[in-house]
$ cat final04.pdb   # PDB, C-alpha atoms
ATOM      1  CA  MET A   1     120.049 109.326  68.062
ATOM      2  CA  SER A   2     121.696 108.952  71.440
ATOM      3  CA  PRO A   3     119.410 108.754  74.433
ATOM      4  CA  SER A   4     119.144 111.902  76.473
ATOM      5  CA  ASP A   5     120.317 112.258  80.049
ATOM      6  CA  ILE A   6     117.809 111.726  82.796
ATOM      7  CA  GLU A   7     116.602 114.979  84.245
ATOM      8  CA  ALA A   8     116.797 115.000  87.992
ATOM      9  CA  ARG A   9     113.673 115.681  89.982
ATOM     10  CA  PRO A  10     113.751 116.003  93.734
ATOM     11  CA  LYS A  11     112.065 113.277  95.729
ATOM     12  CA  GLN A  12     108.763 114.634  96.952
ATOM     13  CA  LYS A  13     108.433 114.281 100.675
ATOM     14  CA  ILE A  14     104.925 113.864 102.009
ATOM     15  CA  GLU A  15     104.246 116.253 104.837
ATOM     16  CA  ARG A  16     100.926 114.852 105.945
ATOM     17  CA  ARG A  17      99.881 111.351 105.208
ATOM     18  CA  GLU A  18      96.353 110.270 105.931
ATOM     19  CA  GLU A  19      95.834 107.516 108.440
ATOM     20  CA  SER A  20      99.507 107.268 109.206
ATOM     21  CA  THR A  21     100.217 105.005 112.130
ATOM     22  CA  ARG A  22     103.906 104.446 111.517
ATOM     23  CA  PRO A  23     106.408 107.183 112.129
ATOM     24  CA  GLY A  24     109.085 108.087 109.650
ATOM     25  CA  ALA A  25     109.395 109.868 106.351
ATOM     26  CA  TYR A  26     107.338 108.966 103.314
ATOM     27  CA  PHE A  27     107.812 110.054  99.728
ATOM     28  CA  HIS A  28     105.605 110.249  96.672
ATOM     29  CA  PRO A  29     106.683 107.654  94.117
ATOM     30  CA  ALA A  30     106.908 108.766  90.476
ATOM     31  CA  VAL A  31     104.321 106.834  88.462
ATOM     32  CA  ASP A  32     103.319 106.004  84.922
ATOM     33  CA  ILE A  33      99.679 105.117  84.449
ATOM     34  CA  PHE A  34      98.310 103.951  81.159
ATOM     35  CA  GLU A  35      95.032 102.565  80.008
ATOM     36  CA  ALA A  36      94.535  99.752  77.542
ATOM     37  CA  ALA A  37      91.227  98.405  76.282
ATOM     38  CA  ASP A  38      90.872  95.897  79.100
ATOM     39  CA  GLU A  39      92.996  97.203  81.964
ATOM     40  CA  LEU A  40      94.743 100.062  83.708
ATOM     41  CA  VAL A  41      98.461  99.623  84.310
ATOM     42  CA  LEU A  42     100.320 101.523  87.020
ATOM     43  CA  LEU A  43     104.118 101.548  87.310
ATOM     44  CA  ALA A  44     105.620 103.154  90.411
ATOM     45  CA  ASP A  45     109.271 103.784  91.265
ATOM     46  CA  MET A  46     109.791 102.565  94.830
ATOM     47  CA  PRO A  47     113.525 101.958  95.226
ATOM     48  CA  GLY A  48     114.526  99.975  98.316
ATOM     49  CA  VAL A  49     111.114  98.340  98.666
ATOM     50  CA  SER A  50     111.161  94.545  98.578
ATOM     51  CA  PRO A  51     108.201  92.331  97.617
ATOM     52  CA  ASP A  52     107.389  91.560 101.256
ATOM     53  CA  SER A  53     107.086  95.189 102.336
ATOM     54  CA  ILE A  54     104.542  96.520  99.907
ATOM     55  CA  ASP A  55     100.799  97.016 100.351
ATOM     56  CA  VAL A  56      98.289  97.646  97.620
ATOM     57  CA  ASN A  57      94.788  98.470  98.733
ATOM     58  CA  LEU A  58      91.666  99.211  96.726
ATOM     59  CA  GLU A  59      88.640 100.494  98.610
ATOM     60  CA  GLY A  60      85.812 101.682  96.458
ATOM     61  CA  ASP A  61      87.527 103.871  93.895
ATOM     62  CA  GLN A  62      90.487 104.715  96.183
ATOM     63  CA  LEU A  63      93.679 102.930  95.262
ATOM     64  CA  THR A  64      96.491 103.202  97.793
ATOM     65  CA  ILE A  65     100.020 101.963  97.366
ATOM     66  CA  GLU A  66     102.511 101.868 100.205
ATOM     67  CA  GLY A  67     106.035 100.489 100.420
ATOM     68  CA  ARG A  68     108.519 100.462 103.241
ATOM     69  CA  VAL A  69     112.299 100.295 103.167
ATOM     70  CA  LYS A  70     114.324  98.017 105.394
ATOM     71  CA  PRO A  71     116.025  99.736 108.341
ATOM     72  CA  GLU A  72     118.661  96.964 108.429
ATOM     73  CA  ASP A  73     119.966  98.184 105.062
ATOM     74  CA  TYR A  74     121.232 101.247 106.943
ATOM     75  CA  GLU A  75     122.530  99.618 110.111
ATOM     76  CA  GLY A  76     125.946 100.807 111.177
ATOM     77  CA  LEU A  77     126.101 103.463 108.454
ATOM     78  CA  LYS A  78     127.109 106.986 109.394
ATOM     79  CA  PRO A  79     126.101 109.536 106.737
ATOM     80  CA  LEU A  80     129.002 111.558 105.331
ATOM     81  CA  HIS A  81     127.398 113.153 102.300
ATOM     82  CA  VAL A  82     123.660 113.256 101.718
ATOM     83  CA  GLU A  83     121.758 114.032  98.528
ATOM     84  CA  TYR A  84     118.464 112.258  99.128
ATOM     85  CA  GLY A  85     116.217 111.333 102.009
ATOM     86  CA  VAL A  86     115.371 107.736 102.789
ATOM     87  CA  GLY A  87     111.936 106.473 103.677
ATOM     88  CA  GLY A  88     108.847 104.682 102.528
ATOM     89  CA  PHE A  89     106.603 105.467  99.598
ATOM     90  CA  TRP A  90     102.922 106.238  99.729
ATOM     91  CA  ARG A  91     100.418 107.477  97.181
ATOM     92  CA  ARG A  92      96.661 107.383  96.701
ATOM     93  CA  PHE A  93      94.670 107.606  93.483
ATOM     94  CA  THR A  94      91.000 107.932  92.696
ATOM     95  CA  LEU A  95      90.174 105.554  89.886
ATOM     96  CA  GLY A  96      87.806 106.736  87.214
ATOM     97  CA  GLU A  97      87.139 103.196  86.035
ATOM     98  CA  ALA A  98      85.360 100.300  87.682
ATOM     99  CA  ILE A  99      88.001  97.676  88.425
ATOM    100  CA  ASP A 100      87.603  93.955  88.817
ATOM    101  CA  CYS A 101      89.109  93.739  92.321
ATOM    102  CA  GLU A 102      89.426  89.972  92.250
ATOM    103  CA  SER A 103      91.873  89.912  89.389
ATOM    104  CA  ILE A 104      94.303  92.700  90.280
ATOM    105  CA  LYS A 105      97.888  91.612  89.779
ATOM    106  CA  ALA A 106     100.835  93.247  91.543
ATOM    107  CA  GLN A 107     104.516  92.592  91.092
ATOM    108  CA  ILE A 108     107.610  94.456  92.255
ATOM    109  CA  LYS A 109     110.954  93.996  90.596
ATOM    110  CA  GLY A 110     114.045  96.156  90.809
ATOM    111  CA  GLY A 111     112.168  98.671  92.945
ATOM    112  CA  VAL A 112     109.397  99.184  90.378
ATOM    113  CA  LEU A 113     105.851  98.226  91.309
ATOM    114  CA  ALA A 114     103.792  97.013  88.355
ATOM    115  CA  LEU A 115     100.077  96.923  89.020
ATOM    116  CA  HIS A 116      97.610  95.473  86.554
ATOM    117  CA  LEU A 117      94.047  96.567  87.217
ATOM    118  CA  PRO A 118      91.593  94.768  84.924
ATOM    119  CA  LYS A 119      88.507  96.787  84.109
ATOM    120  CA  ALA A 120      85.216  95.421  85.330
ATOM    121  CA  GLU A 121      83.201  93.916  82.512
ATOM    122  CA  ARG A 122      80.711  96.780  82.340
ATOM    123  CA  ALA A 123      83.448  99.397  82.178
ATOM    124  CA  ARG A 124      85.290  97.952  79.218
ATOM    125  CA  ALA A 125      85.352 100.142  76.210
ATOM    126  CA  ARG A 126      82.878  99.246  73.562
ATOM    127  CA  ARG A 127      83.819 100.195  70.112
ATOM    128  CA  ILE A 128      81.060 101.985  68.347
ATOM    129  CA  THR A 129      81.245 102.045  64.639
ATOM    130  CA  VAL A 130      80.127 105.256  63.079
ATOM    131  CA  GLN A 131      78.551 104.606  59.783
ATOM    132  CA  ALA A 132      78.942 107.069  57.013
ATOM    133  CA  SER A 133      75.693 107.807  55.285
TER
ATOM    134  CA  MET B 134     103.151 101.419 131.026
ATOM    135  CA  ALA B 135     103.045 102.845 127.564
ATOM    136  CA  ILE B 136     105.222 101.203 124.985
ATOM    137  CA  THR B 137     106.722 103.609 122.516
ATOM    138  CA  TYR B 138     107.194 102.281 119.031
ATOM    139  CA  ARG B 139     110.443 103.550 117.611
ATOM    140  CA  ASP B 140     111.323 103.091 114.018
ATOM    141  CA  PRO B 141     115.069 102.433 113.786
ATOM    142  CA  LEU B 142     115.026 104.386 110.529
ATOM    143  CA  GLU B 143     113.721 107.495 112.236
ATOM    144  CA  GLN B 144     117.001 108.597 113.710
ATOM    145  CA  LEU B 145     118.796 108.096 110.408
ATOM    146  CA  GLN B 146     116.013 109.952 108.590
ATOM    147  CA  ARG B 147     116.353 112.901 110.911
ATOM    148  CA  GLU B 148     120.095 112.972 110.403
ATOM    149  CA  LEU B 149     119.734 112.681 106.618
ATOM    150  CA  ASP B 150     117.145 115.482 106.622
ATOM    151  CA  ARG B 151     119.374 117.724 108.684
ATOM    152  CA  MET B 152     122.358 117.140 106.381
ATOM    153  CA  LEU B 153     120.214 117.559 103.271
ATOM    154  CA  GLU B 154     118.868 120.890 104.419
ATOM    155  CA  SER B 155     122.237 122.232 105.461
ATOM    156  CA  ALA B 156     123.813 121.224 102.144
ATOM    157  CA  PHE B 157     121.129 122.088  99.628
ATOM    158  CA  GLY B 158     118.165 123.712 101.300
ATOM    159  CA  SER B 159     114.914 121.810 101.542
ATOM    160  CA  ALA B 160     114.744 121.127  97.794
ATOM    161  CA  GLY B 161     117.543 118.581  98.056
ATOM    162  CA  ALA B 162     120.330 117.801  95.661
ATOM    163  CA  SER B 163     118.134 117.125  92.680
ATOM    164  CA  ALA B 164     117.488 120.834  92.484
ATOM    165  CA  ALA B 165     121.093 121.047  91.339
ATOM    166  CA  GLY B 166     120.244 118.760  88.437
ATOM    167  CA  VAL B 167     122.252 115.664  89.203
ATOM    168  CA  TYR B 168     120.848 112.186  88.591
ATOM    169  CA  PRO B 169     120.834 109.965  90.422
ATOM    170  CA  PRO B 170     121.396 111.600  93.803
ATOM    171  CA  VAL B 171     123.809 109.609  95.963
ATOM    172  CA  ASN B 172     124.350 109.156  99.673
ATOM    173  CA  VAL B 173     127.788 108.367 101.038
ATOM    174  CA  PHE B 174     128.173 106.603 104.375
ATOM    175  CA  ASP B 175     131.041 105.694 106.646
ATOM    176  CA  ALA B 176     130.746 102.085 107.791
ATOM    177  CA  GLY B 177     133.953 101.898 109.820
ATOM    178  CA  GLU B 178     136.212  99.774 107.641
ATOM    179  CA  GLU B 179     134.588 100.804 104.396
ATOM    180  CA  TYR B 180     132.698 103.544 102.613
ATOM    181  CA  VAL B 181     129.199 102.771 101.367
ATOM    182  CA  ILE B 182     127.760 104.674  98.410
ATOM    183  CA  LYS B 183     124.058 104.286  97.638
ATOM    184  CA  ALA B 184     121.999 105.504  94.696
ATOM    185  CA  GLU B 185     118.341 104.895  93.892
ATOM    186  CA  LEU B 186     118.060 103.532  90.365
ATOM    187  CA  PRO B 187     114.712 101.730  90.130
ATOM    188  CA  GLY B 188     114.019  99.627  87.076
ATOM    189  CA  VAL B 189     117.547  99.617  85.686
ATOM    190  CA  ASP B 190     119.057  96.481  84.195
ATOM    191  CA  PRO B 191     122.067  95.811  86.497
ATOM    192  CA  GLY B 192     123.955  94.575  83.441
ATOM    193  CA  LYS B 193     123.769  98.122  82.087
ATOM    194  CA  ILE B 194     125.445  99.718  85.104
ATOM    195  CA  GLU B 195     129.198 100.232  85.007
ATOM    196  CA  VAL B 196     130.993 100.981  88.269
ATOM    197  CA  ASN B 197     134.566 102.261  88.523
ATOM    198  CA  VAL B 198     136.686 102.903  91.581
ATOM    199  CA  GLU B 199     139.922 104.781  91.179
ATOM    200  CA  ASN B 200     142.090 106.544  93.756
ATOM    201  CA  GLU B 201     139.608 108.636  95.726
ATOM    202  CA  THR B 202     136.838 108.534  93.163
ATOM    203  CA  VAL B 203     133.863 106.250  92.706
ATOM    204  CA  SER B 204     131.970 106.599  89.451
ATOM    205  CA  PHE B 205     129.105 104.773  87.815
ATOM    206  CA  ARG B 206     127.167 105.155  84.627
ATOM    207  CA  GLY B 207     124.361 103.442  82.842
ATOM    208  CA  GLU B 208     121.077 103.760  81.127
ATOM    209  CA  ARG B 209     117.484 103.416  82.203
ATOM    210  CA  THR B 210     115.204 102.180  79.463
ATOM    211  CA  PHE B 211     111.632 100.929  79.597
ATOM    212  CA  ASP B 212     109.776  98.527  77.393
ATOM    213  CA  GLU B 213     107.036 100.468  75.678
ATOM    214  CA  PRO B 214     103.639  98.791  75.817
ATOM    215  CA  ASN B 215     103.194  96.849  72.591
ATOM    216  CA  ARG B 216      99.528  97.726  72.180
ATOM    217  CA  ASP B 217      97.246 100.716  71.972
ATOM    218  CA  VAL B 218      97.331 102.587  75.247
ATOM    219  CA  ALA B 219      96.457 106.036  76.499
ATOM    220  CA  TYR B 220      98.759 107.559  79.112
ATOM    221  CA  HIS B 221      97.090 109.158  82.111
ATOM    222  CA  ARG B 222     100.355 110.015  83.831
ATOM    223  CA  ARG B 223     103.929 109.855  82.711
ATOM    224  CA  GLU B 224     106.309 110.876  85.470
ATOM    225  CA  ARG B 225     109.040 108.241  85.225
ATOM    226  CA  GLU B 226     111.995 109.170  83.069
ATOM    227  CA  GLN B 227     114.382 107.167  80.997
ATOM    228  CA  GLY B 228     117.779 108.006  79.636
ATOM    229  CA  GLN B 229     121.442 107.934  80.514
ATOM    230  CA  PHE B 230     123.011 108.718  83.835
ATOM    231  CA  ARG B 231     126.543 109.214  85.130
ATOM    232  CA  ARG B 232     127.877 110.237  88.501
ATOM    233  CA  VAL B 233     131.377 110.786  89.803
ATOM    234  CA  VAL B 234     131.702 110.877  93.574
ATOM    235  CA  ARG B 235     134.826 111.946  95.441
ATOM    236  CA  ILE B 236     135.301 110.092  98.686
ATOM    237  CA  PRO B 237     136.945 111.963 101.553
ATOM    238  CA  GLY B 238     139.597 109.317 102.173
ATOM    239  CA  ARG B 239     141.908 106.800 100.530
ATOM    240  CA  LEU B 240     140.345 103.689  99.064
ATOM    241  CA  ALA B 241     141.382 100.078  98.651
ATOM    242  CA  SER B 242     139.822 100.029  95.213
ATOM    243  CA  GLU B 243     140.846  96.455  94.324
ATOM    244  CA  THR B 244     138.400  95.001  96.849
ATOM    245  CA  ALA B 245     135.424  97.225  96.038
ATOM    246  CA  ARG B 246     132.116  95.497  95.415
ATOM    247  CA  ALA B 247     128.747  96.586  94.126
ATOM    248  CA  GLU B 248     125.278  95.129  94.330
ATOM    249  CA  TYR B 249     121.924  96.081  92.883
ATOM    250  CA  ARG B 250     118.922  95.096  94.962
ATOM    251  CA  ASP B 251     115.321  96.330  94.937
ATOM    252  CA  GLY B 252     116.322  99.194  92.656
ATOM    253  CA  VAL B 253     119.124 100.490  94.866
ATOM    254  CA  LEU B 254     122.765 100.424  93.784
ATOM    255  CA  THR B 255     125.122  99.916  96.738
ATOM    256  CA  ILE B 256     128.871 100.240  96.245
ATOM    257  CA  ARG B 257     131.133  99.202  99.108
ATOM    258  CA  VAL B 258     134.751 100.302  99.016
ATOM    259  CA  PRO B 259     137.110  99.334 101.839
ATOM    260  CA  LYS B 260     139.225 102.136 103.211
ATOM    261  CA  ALA B 261     142.937 101.939 102.465
ATOM    262  CA  LYS B 262     144.622 100.032 105.305
ATOM    263  CA  GLU B 263     146.503 102.977 106.752
ATOM    264  CA  THR B 264     143.340 105.059 107.116
ATOM    265  CA  ARG B 265     141.166 102.416 108.786
ATOM    266  CA  PRO B 266     140.364 102.911 112.418
ATOM    267  CA  ARG B 267     142.553 100.606 114.412
ATOM    268  CA  ARG B 268     141.619  99.163 117.710
ATOM    269  CA  VAL B 269     144.537  99.161 120.081
ATOM    270  CA  GLU B 270     144.576  96.506 122.726
ATOM    271  CA  ILE B 271     145.551  97.526 126.198
ATOM    272  CA  LYS B 272     147.757  95.067 128.006
ATOM    273  CA  ALA B 273     147.454  94.680 131.682
ATOM    274  CA  ASP B 274     149.725  92.690 133.880
TER
END
$ encode --input "final04.pdb" --output "structure tokens"
Amino acid sequence: MSPSDIEARPKQKIERREESTRPGAYFHPAVDIFEAADELVLLADMPGVSPDSIDVNLEGDQLTIEGRVKPEDYEGLKPLHVEYGVGGFWRRFTLGEAIDCESIKAQIKGGVLALHLPKAERARARRITVQAS
Amino acid sequence: MAITYRDPLEQLQRELDRMLESAFGSAGASAAGVYPPVNVFDAGEEYVIKAELPGVDPGKIEVNVENETVSFRGERTFDEPNRDVAYHRREREQGQFRRVVRIPGRLASETARAEYRDGVLTIRVPKAKETRPRRVEIKAD
């Protein structure tokens, strides 16, 4: 079976961002979030964001990710034909699980943020065996 | 005296927004179903074509420059988690992509170069010599 073509989805511009101090456009990154027995994993598409311009912040159950693009990548460029807007990425999630804040791991490679959020000990799933009578 | 912080990106963003809206309406190009959307810039001596392709193996991107056309194709594939997981959200897509972009000018295709950095593909194609802006020196006695 040949892989299907990627379906285009418009970049979602954020009209109002909470606690925004910096000017400029921000977009919602597309994310995958999955849960394993011991951790939550979040993958976010943040093209143009380098490892030194990303912030991950967990306060209580509020997880915020923010990435900025480098203005120097666009220096001296005059737009001729435009199909997408350029800006940072910002998104906030409310986590349903207790997370062990000390052991969160974040990595960004090829414009994809990979965030590993280990569950706090008490929140880990316990397998309950149901006994048949 | 108040110091105004100005993001150098802001002006570009405004210009991009204005051009986006005039070309496609506020939904942008993706409403027309093309992936990935591309931006084409004039950088004086060369044209710069950018496309956002996060998480793509650069070895799987093929770029071609011919006459007045720049094209690229490739595939975006993810490693599936090799354990039991439950998806909460699944918004990122994988699959093939292909774009053909006509550049409004003649190209010196033999010196084109492409780079993939932080998930952005940037193709730089010098303009053909005769179409480059030429600076003319003024002689004074």
$ interface_residues --input "final04.pdb" --of "chain B" --to "chain A" --cutoff "7 Å" --atoms "all atoms listed in the file" --output "VMD selection string"
chain B and resid 140 to 143 146 149 to 150 152 to 153 160 to 164 166 to 176 185 to 188 217 to 230 250 to 253
$ write_last_selection --input "final04.pdb" --atoms "C-alpha atoms" --output "compact mmCIF listing (two decimals), keeping the file's coordinate frame"
# COMPACT_ATOMS: atom_id res chain seq x y z
CA ASP B 140 111.32 103.09 114.02
CA PRO B 141 115.07 102.43 113.79
CA LEU B 142 115.03 104.39 110.53
CA GLU B 143 113.72 107.50 112.24
CA GLN B 146 116.01 109.95 108.59
CA LEU B 149 119.73 112.68 106.62
CA ASP B 150 117.14 115.48 106.62
CA MET B 152 122.36 117.14 106.38
CA LEU B 153 120.21 117.56 103.27
CA ALA B 160 114.74 121.13 97.79
CA GLY B 161 117.54 118.58 98.06
CA ALA B 162 120.33 117.80 95.66
CA SER B 163 118.13 117.12 92.68
CA ALA B 164 117.49 120.83 92.48
CA GLY B 166 120.24 118.76 88.44
CA VAL B 167 122.25 115.66 89.20
CA TYR B 168 120.85 112.19 88.59
CA PRO B 169 120.83 109.96 90.42
CA PRO B 170 121.40 111.60 93.80
CA VAL B 171 123.81 109.61 95.96
CA ASN B 172 124.35 109.16 99.67
CA VAL B 173 127.79 108.37 101.04
CA PHE B 174 128.17 106.60 104.38
CA ASP B 175 131.04 105.69 106.65
CA ALA B 176 130.75 102.08 107.79
CA GLU B 185 118.34 104.90 93.89
CA LEU B 186 118.06 103.53 90.36
CA PRO B 187 114.71 101.73 90.13
CA GLY B 188 114.02 99.63 87.08
CA ASP B 217 97.25 100.72 71.97
CA VAL B 218 97.33 102.59 75.25
CA ALA B 219 96.46 106.04 76.50
CA TYR B 220 98.76 107.56 79.11
CA HIS B 221 97.09 109.16 82.11
CA ARG B 222 100.36 110.02 83.83
CA ARG B 223 103.93 109.86 82.71
CA GLU B 224 106.31 110.88 85.47
CA ARG B 225 109.04 108.24 85.22
CA GLU B 226 112.00 109.17 83.07
CA GLN B 227 114.38 107.17 81.00
CA GLY B 228 117.78 108.01 79.64
CA GLN B 229 121.44 107.93 80.51
CA PHE B 230 123.01 108.72 83.84
CA ARG B 250 118.92 95.10 94.96
CA ASP B 251 115.32 96.33 94.94
CA GLY B 252 116.32 99.19 92.66
CA VAL B 253 119.12 100.49 94.87
$ resolve_selection --input "final04.pdb" --expression "the PyMOL selection byres ((chain A and resi 92) around 9)" --output "list in words"
Gln62, Leu63, Thr64, Ile65, Glu66, Trp90, Arg91, Phe93 and Thr94 of chain A
$ axis_aligned_box --input "final04.pdb" --around "range 63-73 of chain A" --padding-each-side "3 Å" --output "JSON"
{"center_x": 106.8, "center_y": 100.1, "center_z": 101.8, "size_x": 32.3, "size_y": 12.2, "size_z": 19.2}
$ resolve_selection --input "final04.pdb" --expression "the PyMOL selection byres ((chain B and resi 262) around 12)" --output "JSON, numbers by chain"
{"B": [177, 178, 179, 238, 239, 240, 241, 242, 244, 258, 259, 260, 261, 263, 264, 265, 266, 267]}
$ atom_distance --input "final04.pdb" --atom1 "CA of Ile99 in chain A" --atom2 "CA of Lys119 in chain A"
4.4 Å
